[in-house]
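Chemist: Provided below: run29.cif, containing mmCIF, C-alpha atoms and all ligand atoms.
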data_my_file
#
loop_
_atom_site.label_atom_id
_atom_site.label_comp_id
_atom_site.auth_asym_id
_atom_site.auth_seq_id
_atom_site.Cartn_x
_atom_site.Cartn_y
_atom_site.Cartn_z
CA MET V 5 -99.59 61.16 -78.03
CA THR V 6 -99.69 64.39 -80.11
CA PRO V 7 -100.08 63.51 -83.81
CA THR V 8 -97.34 64.97 -85.96
CA THR V 9 -98.32 67.25 -88.82
CA ASN V 10 -95.53 66.00 -91.11
CA ASP V 11 -96.73 62.86 -92.96
CA HIS V 12 -93.26 62.43 -94.53
CA ALA V 13 -91.56 62.12 -91.13
CA PRO V 14 -90.19 58.59 -90.64
CA GLY V 15 -92.23 56.39 -88.34
CA ILE V 16 -90.45 55.49 -85.12
CA TYR V 17 -91.75 53.02 -82.54
CA VAL V 18 -90.90 53.62 -78.87
CA GLY V 19 -91.30 50.52 -76.72
CA PRO V 20 -91.94 48.00 -75.41
CA ASP V 21 -94.08 50.23 -73.11
CA PRO V 22 -95.16 53.80 -73.91
CA ASP V 23 -92.66 56.47 -72.78
CA ASP V 24 -93.85 60.07 -73.09
CA ARG V 25 -90.40 61.62 -72.78
CA LEU V 26 -88.84 59.48 -75.51
CA GLU V 27 -91.87 59.94 -77.78
CA ALA V 28 -91.42 63.71 -77.37
CA ALA V 29 -87.72 63.24 -78.15
CA VAL V 30 -88.61 61.41 -81.38
CA ARG V 31 -90.90 64.25 -82.49
CA GLU V 32 -88.26 66.83 -81.51
CA GLY V 33 -85.82 65.10 -83.87
CA GLY V 34 -88.32 65.20 -86.76
CA GLY V 35 -89.81 61.69 -86.55
CA GLN V 36 -93.38 60.60 -85.95
CA VAL V 37 -94.34 58.04 -83.33
CA VAL V 38 -96.03 54.96 -84.81
CA GLY V 39 -96.83 51.37 -83.81
CA PRO V 40 -94.28 48.56 -84.22
CA ASP V 41 -95.71 47.24 -87.50
CA GLU V 42 -95.34 50.57 -89.34
CA ALA V 43 -92.00 51.64 -87.89
CA VAL V 44 -88.72 52.06 -89.77
CA GLY V 45 -86.96 52.97 -86.52
CA VAL V 46 -87.28 51.32 -83.11
CA VAL V 47 -86.27 53.02 -79.85
CA PHE V 48 -86.10 50.77 -76.81
CA HIS V 49 -86.27 52.55 -73.47
CA SER V 50 -84.63 51.39 -70.26
CA ALA V 51 -87.44 48.93 -69.49
CA ALA V 52 -86.39 46.88 -72.54
CA ASP V 53 -84.43 44.53 -70.34
CA ASP V 54 -85.09 41.22 -72.08
CA PRO V 55 -83.12 41.21 -75.35
CA ALA V 56 -84.85 38.12 -76.73
CA GLU V 57 -88.33 39.50 -76.06
CA SER V 58 -87.56 42.99 -77.34
CA VAL V 59 -85.95 41.78 -80.54
CA GLY V 60 -89.35 40.41 -81.61
CA LEU V 61 -90.40 44.06 -82.11
CA VAL V 62 -87.83 44.50 -84.89
CA THR V 63 -89.59 43.79 -88.20
CA ASP V 64 -88.67 43.52 -91.89
CA ARG V 65 -89.38 47.25 -92.24
CA THR V 66 -86.94 48.22 -89.46
CA ARG V 67 -83.85 50.10 -90.68
CA TRP V 68 -82.53 51.33 -87.33
CA VAL V 69 -82.72 50.19 -83.68
CA GLN V 70 -81.69 52.42 -80.74
CA LEU V 71 -80.81 50.72 -77.44
CA PRO V 72 -80.93 52.62 -74.12
CA HIS V 73 -77.67 51.19 -72.70
CA ALA V 74 -74.07 52.29 -73.22
CA GLY V 75 -72.86 48.74 -72.53
CA VAL V 76 -74.60 46.29 -74.86
CA GLU V 77 -72.86 42.98 -74.07
CA ARG V 78 -76.16 41.27 -73.26
CA TRP V 79 -77.29 42.03 -76.82
CA THR V 80 -74.05 41.38 -78.68
CA SER V 81 -73.38 38.11 -76.84
CA ASN V 82 -76.77 36.79 -77.99
CA GLY V 83 -75.87 37.54 -81.61
CA LEU V 84 -78.86 39.91 -81.83
CA ILE V 85 -76.97 42.89 -83.25
CA THR V 86 -76.81 43.26 -87.04
CA THR V 87 -75.49 45.87 -89.45
CA ASP V 88 -78.77 45.83 -91.41
CA PRO V 89 -80.81 47.11 -89.69
CA VAL V 90 -78.17 49.25 -88.02
CA TRP V 91 -78.17 49.16 -84.19
CA THR V 92 -77.01 52.05 -82.00
CA SER V 93 -76.18 52.15 -78.28
CA ALA V 94 -76.12 55.06 -75.85
CA ALA V 95 -72.28 54.87 -75.78
CA GLY V 96 -70.91 58.22 -74.69
CA ALA V 97 -74.31 59.66 -73.74
CA TYR V 98 -73.80 59.00 -70.02
CA GLY V 99 -70.18 60.18 -69.95
CA PRO V 100 -70.57 63.19 -67.60
CA GLN V 101 -72.41 61.41 -64.80
CA VAL V 102 -70.36 58.19 -64.93
CA ALA V 103 -67.06 60.12 -65.08
CA GLU V 104 -68.15 62.13 -62.04
CA HIS V 105 -68.85 58.88 -60.17
CA ALA V 106 -65.46 57.43 -61.14
CA PHE V 107 -63.86 60.63 -59.86
CA ALA V 108 -65.78 60.37 -56.57
CA LEU V 109 -64.59 56.76 -56.15
CA MET V 110 -60.95 57.78 -56.69
CA LEU V 111 -61.20 60.58 -54.11
CA ALA V 112 -62.95 58.24 -51.67
CA GLY V 113 -60.10 55.76 -52.01
CA ALA V 114 -57.43 58.45 -51.63
CA ARG V 115 -59.04 59.88 -48.49
CA ARG V 116 -60.00 56.48 -46.98
CA LEU V 117 -63.67 57.44 -46.82
CA GLN V 118 -64.74 53.77 -46.89
CA ALA V 119 -62.70 53.09 -43.73
CA ALA V 120 -63.88 56.23 -41.93
CA ALA V 121 -67.52 55.49 -42.77
CA ARG V 122 -67.21 52.03 -41.22
CA ALA V 123 -65.01 52.86 -38.22
CA GLN V 124 -67.54 54.25 -35.71
CA THR V 125 -64.59 55.20 -33.54
CA TRP V 126 -62.01 58.06 -33.52
CA ASP V 127 -59.39 56.11 -35.46
CA ARG V 128 -57.15 58.81 -36.98
CA GLN V 129 -55.61 56.94 -39.92
CA PRO V 130 -54.93 59.51 -42.60
CA GLY V 131 -55.61 59.08 -46.29
CA ARG V 132 -53.42 60.67 -48.91
CA MET V 133 -53.54 63.53 -51.39
CA PHE V 134 -55.13 62.77 -54.75
CA MET V 135 -53.43 65.81 -56.26
CA GLY V 136 -50.58 64.80 -58.56
CA SER V 137 -51.58 61.12 -58.81
CA THR V 138 -50.93 58.90 -61.81
CA VAL V 139 -54.24 57.73 -63.27
CA ALA V 140 -54.57 54.99 -65.92
CA LEU V 141 -57.73 55.17 -68.02
CA VAL V 142 -58.27 51.63 -69.31
CA GLY V 143 -60.65 52.30 -72.20
CA TYR V 144 -61.00 55.80 -73.60
CA GLY V 145 -64.51 56.27 -74.95
CA GLY V 146 -67.26 58.66 -73.92
CA ILE V 147 -66.65 58.29 -70.18
CA GLY V 148 -62.88 58.64 -70.53
CA ARG V 149 -63.27 61.81 -72.58
CA CYS V 150 -65.36 63.33 -69.75
CA LEU V 151 -63.03 62.15 -66.98
CA LEU V 152 -59.80 63.48 -68.48
CA PRO V 153 -60.63 67.21 -68.04
CA MET V 154 -61.80 66.57 -64.46
CA LEU V 155 -58.27 65.36 -63.64
CA GLU V 156 -56.53 68.41 -65.06
CA PRO V 157 -57.02 70.75 -62.06
CA PHE V 158 -55.59 67.96 -59.88
CA HIS V 159 -52.39 67.96 -61.96
CA CYS V 160 -52.67 64.22 -62.57
CA ARG V 161 -50.35 62.32 -64.83
CA VAL V 162 -52.70 60.40 -67.11
CA LEU V 163 -52.02 57.22 -69.09
CA ALA V 164 -54.68 56.07 -71.55
CA VAL V 165 -55.35 52.69 -73.13
CA THR V 166 -56.88 53.12 -76.57
CA ASP V 167 -56.30 52.08 -80.16
CA SER V 168 -57.41 55.50 -81.44
CA GLY V 169 -53.94 57.05 -81.35
CA PRO V 170 -52.39 59.70 -79.06
CA VAL V 171 -54.82 61.62 -76.84
CA ASP V 172 -54.25 65.34 -76.13
CA GLY V 173 -53.56 66.01 -72.46
CA VAL V 174 -52.43 62.47 -71.77
CA GLU V 175 -48.79 61.72 -70.96
CA ARG V 176 -48.77 58.35 -72.72
CA THR V 177 -51.21 56.36 -74.82
CA VAL V 178 -50.81 52.60 -75.12
CA SER V 179 -52.67 50.23 -77.40
CA ARG V 180 -55.37 47.90 -76.07
CA SER V 181 -53.17 44.85 -76.43
CA ASP V 182 -50.50 46.54 -74.26
CA TYR V 183 -52.84 47.62 -71.42
CA ARG V 184 -50.76 45.72 -68.85
CA ASP V 185 -47.93 48.24 -69.41
CA VAL V 186 -49.79 50.98 -67.54
CA LEU V 187 -50.65 48.88 -64.47
CA PRO V 188 -47.31 49.13 -62.57
CA GLU V 189 -47.23 52.92 -62.90
CA ALA V 190 -50.74 53.89 -61.82
CA ASP V 191 -51.94 55.05 -58.40
CA TYR V 192 -55.48 54.58 -59.79
CA VAL V 193 -56.41 52.07 -62.50
CA VAL V 194 -59.81 53.11 -63.82
CA LEU V 195 -61.75 50.57 -65.90
CA LEU V 196 -63.87 52.29 -68.55
CA ALA V 197 -63.86 49.63 -71.27
CA ALA V 198 -66.79 47.87 -72.88
CA LEU V 199 -67.28 44.23 -71.84
CA THR V 200 -66.38 42.03 -74.81
CA PRO V 201 -64.80 38.59 -75.24
CA GLN V 202 -61.42 40.44 -75.30
CA THR V 203 -61.98 42.42 -72.08
CA GLN V 204 -63.75 39.73 -70.01
CA GLY V 205 -61.51 39.09 -66.98
CA MET V 206 -58.82 41.52 -68.24
CA ILE V 207 -57.89 42.20 -64.59
CA GLY V 208 -57.04 38.83 -63.00
CA ALA V 209 -54.42 37.62 -60.53
CA ALA V 210 -51.48 38.35 -62.84
CA GLU V 211 -52.65 41.89 -63.59
CA LEU V 212 -53.40 42.63 -59.91
CA ASP V 213 -49.82 41.54 -59.16
CA LEU V 214 -48.56 44.09 -61.69
CA MET V 215 -50.30 46.91 -59.80
CA ARG V 216 -48.58 48.84 -57.00
CA ASP V 217 -49.40 47.62 -53.51
CA ASP V 218 -50.95 51.00 -52.66
CA ALA V 219 -52.86 51.44 -55.95
CA TRP V 220 -56.65 51.54 -56.15
CA LEU V 221 -58.67 49.70 -58.77
CA ILE V 222 -61.77 51.63 -59.86
CA ASN V 223 -64.47 50.00 -61.99
CA VAL V 224 -67.43 51.84 -63.49
CA GLY V 225 -67.45 49.76 -66.71
CA ARG V 226 -68.74 46.23 -66.14
CA GLY V 227 -68.13 43.73 -63.34
CA GLY V 228 -66.92 41.07 -65.78
CA LEU V 229 -63.77 43.09 -66.57
CA ILE V 230 -62.39 41.84 -63.22
CA ASP V 231 -61.90 38.30 -61.92
CA THR V 232 -63.72 38.86 -58.62
CA ASP V 233 -62.14 35.95 -56.73
CA ALA V 234 -58.65 37.15 -57.71
CA LEU V 235 -59.58 40.65 -56.51
CA VAL V 236 -60.76 39.36 -53.13
CA ASP V 237 -57.46 37.45 -52.76
CA ALA V 238 -55.42 40.53 -53.70
CA LEU V 239 -57.30 42.71 -51.19
CA ARG V 240 -56.91 40.10 -48.43
CA GLY V 241 -53.19 39.76 -49.18
CA GLY V 242 -52.66 43.55 -49.21
CA ARG V 243 -51.36 43.27 -52.77
CA ILE V 244 -53.26 46.38 -53.88
CA GLY V 245 -54.38 49.43 -51.91
CA GLY V 246 -58.09 49.03 -52.48
CA ALA V 247 -60.96 48.67 -54.93
CA ALA V 248 -63.94 50.93 -55.54
CA LEU V 249 -66.55 49.32 -57.76
CA ASP V 250 -69.86 50.53 -59.14
CA VAL V 251 -70.25 47.32 -61.15
CA THR V 252 -69.56 43.79 -59.92
CA ASP V 253 -69.52 40.19 -61.02
CA PRO V 254 -71.90 38.77 -59.96
CA GLU V 255 -74.35 41.65 -60.13
CA PRO V 256 -76.23 42.33 -57.93
CA LEU V 257 -73.44 41.49 -55.47
CA PRO V 258 -75.14 39.07 -53.04
CA ASP V 259 -75.51 39.91 -49.36
CA GLY V 260 -72.69 38.32 -47.40
CA HIS V 261 -70.20 38.52 -50.31
CA PRO V 262 -66.63 39.14 -49.01
CA LEU V 263 -66.35 42.38 -50.99
CA TRP V 264 -68.98 43.95 -48.73
CA THR V 265 -66.73 43.60 -45.69
CA GLU V 266 -63.19 43.83 -47.11
CA PRO V 267 -61.86 46.94 -45.31
CA ASN V 268 -60.36 48.42 -48.49
CA ALA V 269 -63.31 47.73 -50.78
CA LEU V 270 -66.00 50.29 -51.53
CA ILE V 271 -69.09 49.14 -53.43
CA THR V 272 -71.79 51.30 -54.99
CA PRO V 273 -74.70 49.35 -56.50
CA HIS V 274 -74.51 50.35 -60.21
CA VAL V 275 -75.66 53.89 -59.50
CA ALA V 276 -73.10 55.90 -61.50
CA ASN V 277 -75.88 56.91 -63.90
CA PRO V 278 -78.68 58.37 -61.73
CA LYS V 279 -82.18 58.03 -63.19
CA ASP V 280 -82.82 61.74 -63.86
CA ALA V 281 -79.48 62.18 -65.59
CA HIS V 282 -79.95 58.90 -67.48
CA ASP V 283 -83.42 59.83 -68.74
CA ALA V 284 -82.36 63.32 -69.86
CA ALA V 285 -79.25 62.02 -71.64
CA LEU V 286 -81.15 59.21 -73.37
CA ALA V 287 -83.85 61.62 -74.59
CA GLN V 288 -81.15 63.90 -75.99
CA ARG V 289 -79.44 60.94 -77.72
CA VAL V 290 -82.78 59.88 -79.24
CA THR V 291 -83.46 63.38 -80.55
CA ASP V 292 -79.94 63.62 -81.98
CA ASN V 293 -80.14 60.23 -83.66
CA VAL V 294 -83.67 60.72 -85.05
CA ARG V 295 -82.48 64.01 -86.56
CA ARG V 296 -79.49 62.25 -88.10
CA PHE V 297 -81.72 59.42 -89.34
CA VAL V 298 -84.12 61.93 -90.93
CA ASN V 299 -81.22 63.75 -92.62
CA GLY V 300 -79.40 60.60 -93.73
CA GLU V 301 -76.37 61.49 -91.56
CA PRO V 302 -74.17 59.01 -89.64
CA LEU V 303 -75.81 57.89 -86.40
CA LEU V 304 -74.15 58.22 -82.98
CA GLY V 305 -73.15 55.04 -81.12
CA VAL V 306 -73.32 52.59 -84.03
CA ILE V 307 -72.60 49.10 -82.65
CA ASP V 308 -70.04 46.93 -84.42
CA PRO V 309 -71.34 43.37 -83.93
CA GLU V 310 -67.84 41.96 -84.52
CA ALA V 311 -66.16 44.22 -81.92
CA GLY V 312 -69.04 43.75 -79.44
CA PHE V 313 -69.55 47.45 -78.60
N1 LIG W 401 -71.73 52.15 -64.23
C1 LIG W 401 -72.65 52.59 -65.05
O1 LIG W 401 -73.75 52.96 -64.65
C2 LIG W 401 -72.36 52.68 -66.51
C3 LIG W 401 -71.45 51.83 -67.09
N2 LIG W 401 -71.16 51.95 -68.43
C4 LIG W 401 -70.16 51.03 -68.98
O2 LIG W 401 -69.03 51.78 -69.39
C5 LIG W 401 -68.61 51.37 -70.69
C6 LIG W 401 -68.01 52.53 -71.42
O3 LIG W 401 -69.01 53.52 -71.67
P1 LIG W 401 -68.76 54.67 -72.76
O4 LIG W 401 -67.44 55.30 -72.53
O5 LIG W 401 -69.95 55.49 -72.80
O6 LIG W 401 -68.70 53.75 -74.06
P2 LIG W 401 -67.79 53.86 -75.37
O7 LIG W 401 -68.30 52.84 -76.31
O8 LIG W 401 -67.68 55.29 -75.77
O9 LIG W 401 -66.37 53.38 -74.84
C7 LIG W 401 -66.03 52.04 -74.72
C8 LIG W 401 -64.54 51.97 -74.77
O10 LIG W 401 -64.11 50.63 -74.53
C9 LIG W 401 -62.89 50.54 -75.17
N3 LIG W 401 -62.43 49.17 -75.34
C10 LIG W 401 -63.02 48.17 -76.05
N4 LIG W 401 -62.25 47.08 -76.04
C11 LIG W 401 -61.15 47.39 -75.29
C12 LIG W 401 -59.99 46.68 -74.91
N5 LIG W 401 -59.77 45.42 -75.32
N6 LIG W 401 -59.09 47.30 -74.13
C13 LIG W 401 -59.27 48.56 -73.73
N7 LIG W 401 -60.36 49.30 -74.07
C14 LIG W 401 -61.27 48.72 -74.85
C15 LIG W 401 -63.13 51.18 -76.51
O11 LIG W 401 -61.96 51.59 -77.11
C16 LIG W 401 -63.99 52.36 -76.13
O12 LIG W 401 -63.21 53.51 -76.02
C17 LIG W 401 -69.88 50.81 -71.35
O13 LIG W 401 -69.54 49.81 -72.29
C18 LIG W 401 -70.68 50.27 -70.20
O14 LIG W 401 -70.42 48.90 -70.05
C19 LIG W 401 -71.73 52.91 -69.19
C20 LIG W 401 -72.66 53.76 -68.67
C21 LIG W 401 -73.09 53.67 -67.30
O1 LIG W 402 -75.99 52.19 -69.99
C1 LIG W 402 -75.29 51.38 -69.37
O2 LIG W 402 -74.53 50.59 -69.90
C2 LIG W 402 -75.37 51.39 -67.92
O3 LIG W 402 -74.66 50.68 -67.24
C3 LIG W 402 -76.34 52.29 -67.31
O4 LIG W 402 -77.13 51.58 -66.46
P1 LIG W 402 -78.34 50.70 -67.02
O5 LIG W 402 -77.70 49.55 -67.75
O6 LIG W 402 -79.12 51.59 -67.93
O7 LIG W 402 -79.03 50.31 -65.77
#
Give the structure from this file in structure tokens form.
Modeler:
Amino acid sequence: MTPTTNDHAPGIYVGPDPDDRLEAAVREGGGQVVGPDEAVGVVFHSAADDPAESVGLVTDRTRWVQLPHAGVERWTSNGLITTDPVWTSAAGAYGPQVAEHAFALMLAGARRLQAAARAQTWDRQPGRMFMGSTVALVGYGGIGRCLLPMLEPFHCRVLAVTDSGPVDGVERTVSRSDYRDVLPEADYVVLLAALTPQTQGMIGAAELDLMRDDAWLINVGRGGLIDTDALVDALRGGRIGGAALDVTDPEPLPDGHPLWTEPNALITPHVANPKDAHDAALAQRVTDNVRRFVNGEPLLGVIDPEAGF
């Protein structure tokens, strides 16, 4: 650890294990790296996987805690998030890589890549064009904002579910409580919402029935947004076109689970945020937020304990 020369820089603890890259990110933002007892800021890196254990590192001196995840349901559901100290997530920081993965899953569904990869025989069943599709973005946060411009060259008609008002470049915006309205229209329903008590199981049997029978359900948010048993039934009954999921419930998806073998299901094992891209984006978020903390400016990704994200 290189000692900082500025004694007035706020003390930030990076833990629970040392992490050279994040310590460098703290110094880059104008903080100094200190032990947990002296720290006014705490930065947890991706190894901080046990909320209950990690929360013991937050002390009476702590004024700010940075989590490494965009989705923080494991922390909010334990009631560990407060407004004092303020807690921040990495919401939005992983937008480019996760949006790219969501885009890949849509194209794979359109072009039947999951079927071709499994076929092992010259079975010439064509896919379809993605160009000109109707895409519903269910949740419009950091990932949604990165996905929208990727759809533009494909001349997609985009519907967005958000309570933040009309979105530029989107044909129609509906409020969160009306999200079911977009389901019958979409060729691709893309789940990008945080997992909260309101969004848990938001896609169940009734919502799958609202979807077109050739529509694909894409999930890069959290597995718990979908009722998995209802999805398996809908796929078996041909009630939707297919499902491409980077996140599942349960997760990890156990070997032998029906989703592994459903012909129109495509599973990637929570890899939308590759490690190199994750680490670089988290370091940048830490630098940005330390700089804001030093300057008394609003932090990025402040978690609302009531809303759950
Ligand atoms: N597959 C992966 O590797 C990754 C998954 N994620 C997941 O994606 C989620 C979104 O990430 P970001 O866009 O960065 O976070 P974000 O916090 O910027 O966006 C979350 C969005 O959820 C929306 N939302 C909340 N309640 C809703 C409701 N009832 N109906 C519709 N939308 C609702 C919010 O309006 C917000 O726009 C995260 O919460 C996380 O669970 C994030 C990063 C990587
Ligand atoms: O940040 C998130 O919410 C993610 O899903 C990214 O993956 P992780 O939870 O860091 O393994």
Chemist: Please identify every polymer residue within 12 Å of ligand LIG 402 (chain W), using all atoms listed in the file, and present the set as a tab-separated table (two decimals) with C-alpha atoms, in the coordinates of the input.
Modeler:
chain	number	residue	atom	x	y	z
V	48	PHE	CA	-86.10	50.77	-76.81
V	49	HIS	CA	-86.27	52.55	-73.47
V	50	SER	CA	-84.63	51.39	-70.26
V	51	ALA	CA	-87.44	48.93	-69.49
V	52	ALA	CA	-86.39	46.88	-72.54
V	53	ASP	CA	-84.43	44.53	-70.34
V	54	ASP	CA	-85.09	41.22	-72.08
V	71	LEU	CA	-80.81	50.72	-77.44
V	72	PRO	CA	-80.93	52.62	-74.12
V	73	HIS	CA	-77.67	51.19	-72.70
V	74	ALA	CA	-74.07	52.29	-73.22
V	75	GLY	CA	-72.86	48.74	-72.53
V	76	VAL	CA	-74.60	46.29	-74.86
V	77	GLU	CA	-72.86	42.98	-74.07
V	78	ARG	CA	-76.16	41.27	-73.26
V	79	TRP	CA	-77.29	42.03	-76.82
V	93	SER	CA	-76.18	52.15	-78.28
V	94	ALA	CA	-76.12	55.06	-75.85
V	95	ALA	CA	-72.28	54.87	-75.78
V	96	GLY	CA	-70.91	58.22	-74.69
V	97	ALA	CA	-74.31	59.66	-73.74
V	98	TYR	CA	-73.80	59.00	-70.02
V	99	GLY	CA	-70.18	60.18	-69.95
V	101	GLN	CA	-72.41	61.41	-64.80
V	102	VAL	CA	-70.36	58.19	-64.93
V	146	GLY	CA	-67.26	58.66	-73.92
V	147	ILE	CA	-66.65	58.29	-70.18
V	196	LEU	CA	-63.87	52.29	-68.55
V	197	ALA	CA	-63.86	49.63	-71.27
V	198	ALA	CA	-66.79	47.87	-72.88
V	199	LEU	CA	-67.28	44.23	-71.84
V	223	ASN	CA	-64.47	50.00	-61.99
V	224	VAL	CA	-67.43	51.84	-63.49
V	225	GLY	CA	-67.45	49.76	-66.71
V	226	ARG	CA	-68.74	46.23	-66.14
V	227	GLY	CA	-68.13	43.73	-63.34
V	250	ASP	CA	-69.86	50.53	-59.14
V	251	VAL	CA	-70.25	47.32	-61.15
V	252	THR	CA	-69.56	43.79	-59.92
V	255	GLU	CA	-74.35	41.65	-60.13
V	256	PRO	CA	-76.23	42.33	-57.93
V	273	PRO	CA	-74.70	49.35	-56.50
V	274	HIS	CA	-74.51	50.35	-60.21
V	275	VAL	CA	-75.66	53.89	-59.50
V	276	ALA	CA	-73.10	55.90	-61.50
V	277	ASN	CA	-75.88	56.91	-63.90
V	278	PRO	CA	-78.68	58.37	-61.73
V	279	LYS	CA	-82.18	58.03	-63.19
V	280	ASP	CA	-82.82	61.74	-63.86
V	281	ALA	CA	-79.48	62.18	-65.59
V	282	HIS	CA	-79.95	58.90	-67.48
V	283	ASP	CA	-83.42	59.83	-68.74
V	285	ALA	CA	-79.25	62.02	-71.64
V	286	LEU	CA	-81.15	59.21	-73.37
V	305	GLY	CA	-73.15	55.04	-81.12
V	313	PHE	CA	-69.55	47.45	-78.60
Chemist: Report, as AutoDock Vina command-line options, the centre and edge lengths in Å (one decimal) of the axis-aligned box enclosing every listed atom of ligand LIG 401 (chain W), padded by 6 Å on each side.
Modeler:
--center_x -66.4 --center_y 50.5 --center_z -70.7 --size_x 26.7 --size_y 22.1 --size_z 24.9
Chemist: From the options V:Leu109, V:Val62, V:Val162, V:Ala190, which residue's atoms come nearest to Thr86 (chain V), counting all atoms listed in the file?
Modeler: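 Residue with the minimum atom-to-atom distance to Thr86 (chain V): V:Val62.
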Chemist: Tell me, as a PyMOL selection string, which residues lie within 9 Å of Val290 (chain V), counting all atoms listed in the file; anything in the same chain fewer than 3 positions away does not count.
Modeler: chain V and resi 26+29-30+33+47+70+94+285-287+293-295
Chemist: Would you mind telling me which residue in V:Asp182, V:Asp64, V:Glu42, V:Asp218 lies nearest to ligand LIG 401 (chain W) when using only C-alpha atoms and all ligand atoms?
Modeler: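 That would be V:Asp182, the residue with the smallest distance to ligand LIG 401 (chain W).
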Chemist: In Å, with one decimal, what is the gap from CA of Val193 (chain V) to CA of Val142 (chain V)?
Modeler: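 Distance reported for this atom pair: 7.1 Å.
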Chemist: Hey, which of V:Ala106, V:Leu303, V:Ala234, V:Leu187 ends up closest to ligand LIG 401 (chain W)? Count only C-alpha atoms and all ligand atoms.
Modeler: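 For ligand LIG 401 (chain W), the nearest of the given residues is V:Ala106.
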Chemist: Pick the closest to ligand LIG 401 (chain W) from V:Val165, V:Val38, V:Leu304, V:Val171: which is it, counting only C-alpha atoms and all ligand atoms?
Modeler: V:Val165
Chemist: In Å to one decimal, how far is CA of Asn82 (chain V) from CA of Ala284 (chain V)?
Modeler: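 Distance reported for this atom pair: 28.3 Å.
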Chemist: Could you tell me which of V:Val139, V:Leu221, V:Ile207, V:Val46 comes closest to ligand LIG 401 (chain W) if we count all atoms listed in the file?
Modeler: V:Ile207
Chemist: For Glu310 (chain V), which of V:Ala43, V:Ala120, V:Pro20, V:Gly83 is the closest residue, counting all atoms listed in the file?
Modeler: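 Nearest to Glu310 (chain V): V:Gly83.
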Chemist: With all atoms listed in the file as the counted atoms, please give the residues lying no more than 12 Å from Thr63 (chain V), apart from itself and same-chain residues fewer than 6 positions off, as a list in words.
Modeler: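 What passes the distance filter is Tyr17, Gly39, Pro40, Asp41, Glu42, Ala43, Val44, Gly45, Val46, Val69, Asp88 and Pro89 of chain V.
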Chemist: Distance CA of Val18 (chain V)-atom C7 of ligand LIG 401 (chain W), one decimal place?
Modeler: 25.3 Å
Chemist: Using all atoms listed in the file, determine which residues lie at most 12 Å from Asp213 (chain V), disregarding the query and same-chain residues fewer than 2 positions distant; provide the list as a list of chain:residue names.
Modeler: V:Arg184, V:Leu187, V:Pro188, V:Ile207, V:Gly208, V:Ala209, V:Ala210, V:Glu211, V:Met215, V:Arg216, V:Asp217, V:Asp218, V:Ala219, V:Ala234, V:Leu235, V:Asp237, V:Ala238, V:Leu239, V:Gly241, V:Gly242, V:Arg243, V:Ile244, V:Gly245
